[in-house]
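*Asks:* Just passing along the structure, written as structure tokens.
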Amino acid sequence: QAQLVESGGGLVQAGESLRLSCTVSGRLFIAAASMGWYRQAPGKEREFVARIIGDRRAFYADAVKGRFTISRDNAKNMVYLQMNSLQPEDTALYFCNVRVGPNDAWGQGTQVTVSS
């Protein structure tokens, strides 16, 4: 059974919004020191997008700062990425990440495609 499952990706036009969701298994959610989102565009390496430590301490890549917001819902074992003002360069496969000590757990990814 998958421990992290992403959803919410899709095809949108530039300027529109999407909200990605990541369902995290209970045990992993409780153990997690932090949760984050990464993305990988075709032909490029996976890159950091956002991370949340605890309930509120959030960090963002410069490319998404001011447009994306990471949050978590402890009651639902969920982590979200609200993406506003999407641009074609945001097109990528987006991955949910949970960090427990030195170990990382990853989901399978959800595709986001932004047309100009």
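Residues in the structure tokens are named by chain (A, B, ... in the order shown) and by number from 1 within that chain; ligands are numbered from 1 in the order shown.
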Set out as CSV a contact list for stretch 11-83 of chain A and stretch 87-95 of chain A with a cut-off of 7 Å, giving each residue of stretch 11-83 of chain A that qualifies its closest atom pair and distance in Å to one decimal, counting only C-alpha atoms, ordered by chain and rising residue number.

*Replies:*
```
residue,atom,partner,partner_atom,distance
A:Ala14,CA,A:Gln87,CA,4.9
A:Gly15,CA,A:Gln87,CA,6.4
A:Trp37,CA,A:Phe95,CA,5.6
A:Tyr38,CA,A:Phe95,CA,5.1
A:Arg39,CA,A:Tyr94,CA,4.2
A:Gln40,CA,A:Ala92,CA,5.2
A:Ala41,CA,A:Ala92,CA,4.2
```

*Asks:* For A:Leu28, list every protein, DNA or RNA residue within 10 Å, evaluated using only C-alpha atoms, and leave out those in the same chain fewer than 2 positions away; present the list as number ranges by chain.

*Replies:* A: 3-4, 24-26, 30-33, 77, 98-100, 105

*Asks:* Identify which of the residues A:Ala50, A:Ala75, A:Leu20, A:Ala63 lies closest to A:Gly8, counting only C-alpha atoms when measuring atom-to-atom distances.

*Replies:* A:Leu20

*Asks:* Could you tell me how far atom CA of A:Pro42 sits from atom CA of A:Met78, in Å to one decimal place?

*Replies:* 27.0 Å

*Asks:* Which residues in stretch 18-105 of chain A does DSSP call strand (DSSP E or B)? List them as a PyMOL selection string.

*Replies:* chain A and resi 18-24+34-40+47-53+57-60+68-73+78-83+92-100+103-105

*Asks:* For the alpha helix (DSSP H) assignment from backbone DSSP, which residues of chain A qualify? Please present them as number ranges by chain.

*Replies:* A: 26-31

*Asks:* For A:Asn84, work out the shell of residues within 8 Å, counting only C-alpha atoms and skipping chain neighbours fewer than 2 positions away, then give it as a tab-separated table (two decimals) with N, CA, C and O atoms, in the first residue's frame.

*Replies:*
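Resulting contents of out.tsv:
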```
chain	number	residue	atom	x	y	z
A	15	GLY	N	-1.77	31.62	-15.71
A	15	GLY	CA	-2.53	32.51	-14.85
A	15	GLY	C	-3.55	31.83	-13.97
A	15	GLY	O	-4.05	32.44	-13.02
A	16	GLU	N	-3.84	30.58	-14.27
A	16	GLU	CA	-4.84	29.85	-13.48
A	16	GLU	C	-4.19	29.20	-12.26
A	16	GLU	O	-2.97	29.29	-12.04
A	17	SER	N	-5.03	28.53	-11.48
A	17	SER	CA	-4.57	27.93	-10.22
A	17	SER	C	-4.88	26.44	-10.16
A	17	SER	O	-5.78	25.95	-10.84
A	18	LEU	N	-4.11	25.74	-9.35
A	18	LEU	CA	-4.36	24.34	-9.03
A	18	LEU	C	-3.99	24.13	-7.56
A	18	LEU	O	-3.12	24.83	-7.04
A	67	ARG	N	3.69	32.82	-5.02
A	67	ARG	CA	2.64	32.23	-5.87
A	67	ARG	C	2.13	30.92	-5.30
A	67	ARG	O	0.95	30.59	-5.47
A	68	PHE	N	3.01	30.15	-4.67
A	68	PHE	CA	2.64	28.84	-4.13
A	68	PHE	C	2.59	28.90	-2.61
A	68	PHE	O	3.36	29.64	-1.98
A	82	GLN	N	-0.96	24.82	-2.80
A	82	GLN	CA	-1.80	25.74	-3.56
A	82	GLN	C	-0.92	26.51	-4.53
A	82	GLN	O	0.03	27.18	-4.12
A	86	LEU	N	-0.11	30.29	-12.26
A	86	LEU	CA	0.74	29.28	-12.89
A	86	LEU	C	1.27	29.76	-14.24
A	86	LEU	O	0.58	30.47	-14.99
```

*Asks:* Have a look at atom CA of A:Met35 and atom CA of A:Gln13 and let me know their distance in Å, one decimal.

*Replies:*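 These two atoms are separated by 27.6 Å.
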
*Asks:* Just checking: using only C-alpha atoms, which residue out of A:Val12, A:Val5, A:Cys22, A:Ala58 ends up closest to A:Tyr80?

*Replies:*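 Ranked by minimum distance to A:Tyr80, first place goes to A:Cys22.
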
*Asks:* What gap, in Å, lies between atom CA of A:Arg56 and atom CA of A:Leu11?

*Replies:* 29.1 Å
